[in-house]
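*Asks:* Structure in structure tokens, see below.
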Amino acid sequence: MERELKVPGIAYGGDYNPEQWPEEVWAEDVRLMAEAGVNMVSVNIFSWALLEPAEGVYDFSRLDRILDLLYTHGIAADLATPTAAPPAWFFKAHPEALPADRDGRGLSYGSRQTFCPSSPAYREAALRIARALGERYAEHPAVVMWHIHNEYGCHNAECYCDTSAQAFRRWLRAKYTDLSALNDAWGTTFWSQWYYDWDEIIPPRATGAVPNPTHRLDWRRFCSDELLSLCRAEREVLAQAAPAIPATTNFMVMYNFDALDYWRWAPELDVVSNDHYLRSTDPESEIDIALSGDLVRSLAGGPWLLMEHSTGAVNWQPVNRAKTPGELRRNALAHVARGADGIAYFQWRAAKAGAEQWHSAMLPHAGTDSAIWRDVVALGADLKALAEVRGSMGTAETAIVWDWDAKWALELPSQPSEQVRFLELVRSWYEPLWRAGVAVDFVRPDADLSAYRLVLAPSLYLVDDAGAGNLTGFAERGGTLVVGFHSGAVDENCHVRLGGYPGAFREALGVRTDELFPLLPRETVGLDAGGRGALWSERVRLAGAQAVSSYADGPLTGVPAVTRHGYGTGTAWYMATLPEPETLAALLGRIREEAGVRPVVDAVLPPGVEAVRRRGTDADYLFLIDHGGEGAQIAVAADAVELLGGKPVPDGSVYVPPGGVVVVREPRAE
């Protein structure tokens, strides 16, 4: 059964925690929600201790009143299972459910997610309360979506206790069937690690030297799957009780979280949602918003929901800065531009007590006489004006390969260079496309690539034969493939592909490398076509490809650094270094022009102006966001209409004010 979120227009709201406040405050909450244009809130996320004061004893009276109040005032509820924060009584009864860290240290309760994901007692208790909620509220008119758990794996992605060890062995048995297959996959003849009995296998706990890389990689896969099994179990319980209500859980596609393979998670959900927070030290955090939004849209295969972000400062970075004037609006509408059909915050009302009391909210400590509140109300009006954008899709002809397995494997110990980081490489290639206004999707290595002209693989250290064949086949059939250094190096078991680098892509790229020369921090190498490269160099030998740029100094002077190879009816490029930003932008600009990829607007975008297009049934929606603060005049379709102003566009161009946002509807001819 297909389950859709039934909230009109763009959903708008945040986490609502009325249990933290006297009941007389609730009336003010719903009145102010109406003023701000809020139409959906997430409730019950951390209420387990109040709902179930003792095992199997429930008190739903408070939640009944909350849901009734929301429904009476026309506000939909995204009703959460509160399983991210088990009560103290649970851990007193089941101390074995507490997690252990990599050093074998047992952790205590007293915060959130203080449970072992493999604990049978936790699973039983979580499903019990999920079932009770599902049965009680399946028919409540306020409930439009189930919010399963909260930020799976945020604090307990890996537990190293004996219960987890048993679960890990079960997972390995299911994957490998017999120990000989596991020993072969893990290469256990190295360092005398051969296993003769399944019970000899333990999690990759702290040890005196470098751990087995495949052991560690399979552990990451297991940890993601173990949490996914909990999510599936709750989803199934809720679906039995309420077959028509969609379910979601909030992902964390952001710079500081990589614990879960969301390609495996996304198909399990009716609605994909994401939490996204900015890094205070990022001078261009708008690029991180865009990259995350494009990745989440790609996971969802279309529109998605922003379940959490902040109106201002967070509370968990070394320095928690407030947002600058206009930043709240630009951030939110940038997410909408990248496919979000809902905008929500943590949280509705700023807490006066507890661990997140200094986290910003829609209604701040200062109350309604505050800049944040005025911005929140104004954003609600913007989102109402953009209601028709809901359901529209992306327009990308370019895809970037993203793979959690490859990321995990690349960042294991004992690599040629610990300076090579997956996200940093992907972002370095993504940035020039963002600046040029080029639409981008993200794909897994084995994805259907028929919709794209250009596919980029900035960092694909690990790839299996099927994924490699899919990517090289794309080029062979006429596409343009660009591969970054240290890609194709190992197979799915972290075994080096012998015969020279870049392993799985040698033939398609028409090159062969026999030795790697990673660069030291702050070391660069000249390129004879202009610019310099960083992070990496290698001794490339041409095997059919042509050199586009070669190293101009150092021990590899004259050796190809960037190559181009006709392969089948397409083209395969290789970058054996990381060119500096201007040089990389020029290279990618040349490549995309050769591939026939056009930006979303024909004009060259001024610095700091973001251009994104969503495609509806009979119109396109062009988002123009000025992050640079200079303002810009941008050409648009002659018959376009400004949605946020409700007025026709004169003379086929619009003015984006400094720090402002313009959204235009461009009717599309049949």
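Residue numbers start at 1 in each chain; chains themselves are named A, B, ... in the order of the structure tokens; ligands are numbered from 1 in the order shown.
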Identify, on the basis of only C-alpha atoms, every residue whose closest approach to Pro581 (chain A) does not exceed 9 Å; exclude the query and any residue fewer than 6 positions from it along the same chain; express the result as a list in words.

*Replies:* Ser428, Trp429, Glu431 and Pro432 of chain A

*Asks:* Skip Asn315 (chain A) itself and residues of its chain fewer than 3 positions away, then list as an MDAnalysis selection string all residues within 9 Å of it, counting only C-alpha atoms.

*Replies:* chainID A and resid 318:320 355:360

*Asks:* Using DSSP secondary structure from the backbone, list all helix (DSSP H, G or I) positions within region 155-303 of chain A, as a VMD selection string.

*Replies:* chain A and resid 162 to 176 179 to 186 190 to 192 198 to 200 213 to 241 262 to 268 285 to 300

*Asks:* From the options A:Val210, A:Leu379, A:Leu412, A:Leu556, which residue's atoms come nearest to Ile343 (chain A), counting only C-alpha atoms?

*Replies:*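 Closest to Ile343 (chain A) of all the choices is A:Leu379.
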
*Asks:* Select from region 404-587 of chain A everything DSSP, run on the backbone, classes as strand (DSSP E), then give the selection as a VMD selection string.

*Replies:* chain A and resid 440 to 443 454 to 457 480 to 484 511 to 516 524 to 526 532 to 534 538 to 542 546 to 550 560 to 567 570 to 575 578 to 579

*Asks:* Which region 364-418 of chain A residues have any atom within 10 Å of an atom of region 644-652 of chain A, and for each, what is the nearest pair of atoms with distance in Å to one decimal, counting only C-alpha atoms, rows sorted by chain and number, as a tab-separated table?

*Replies:*
residue	atom	partner	partner_atom	distance
A:Ala381	CA	A:Leu644	CA	8.7
A:Asp382	CA	A:Leu644	CA	6.2
A:Leu383	CA	A:Leu644	CA	8.8
A:Lys384	CA	A:Leu644	CA	9.2
A:Ala385	CA	A:Leu644	CA	6.0
A:Leu386	CA	A:Leu644	CA	7.2

*Asks:* Rank nothing, just name the residue among A:Ala334, A:Leu70, A:Ala259, A:Ala451 nearest to Lys407 (chain A), using only C-alpha atoms.

*Replies:* A:Ala259

*Asks:* Which residue out of A:Ser119, A:Thr189, A:Ser417, A:Asn250 has the minimum interatomic distance to Ala167 (chain A) when only C-alpha atoms are used?

*Replies:* A:Ser119

*Asks:* Find, counting only C-alpha atoms, the residue in A:Val483, A:Ala85, A:Ala529, A:Leu306 that gets nearest to Leu51 (chain A).

*Replies:* A:Ala85

*Asks:* Using only C-alpha atoms, find the one residue out of A:Gly153, A:Pro211, A:Gly570, A:Gly354 that sits nearest to Leu227 (chain A).

*Replies:* A:Gly153
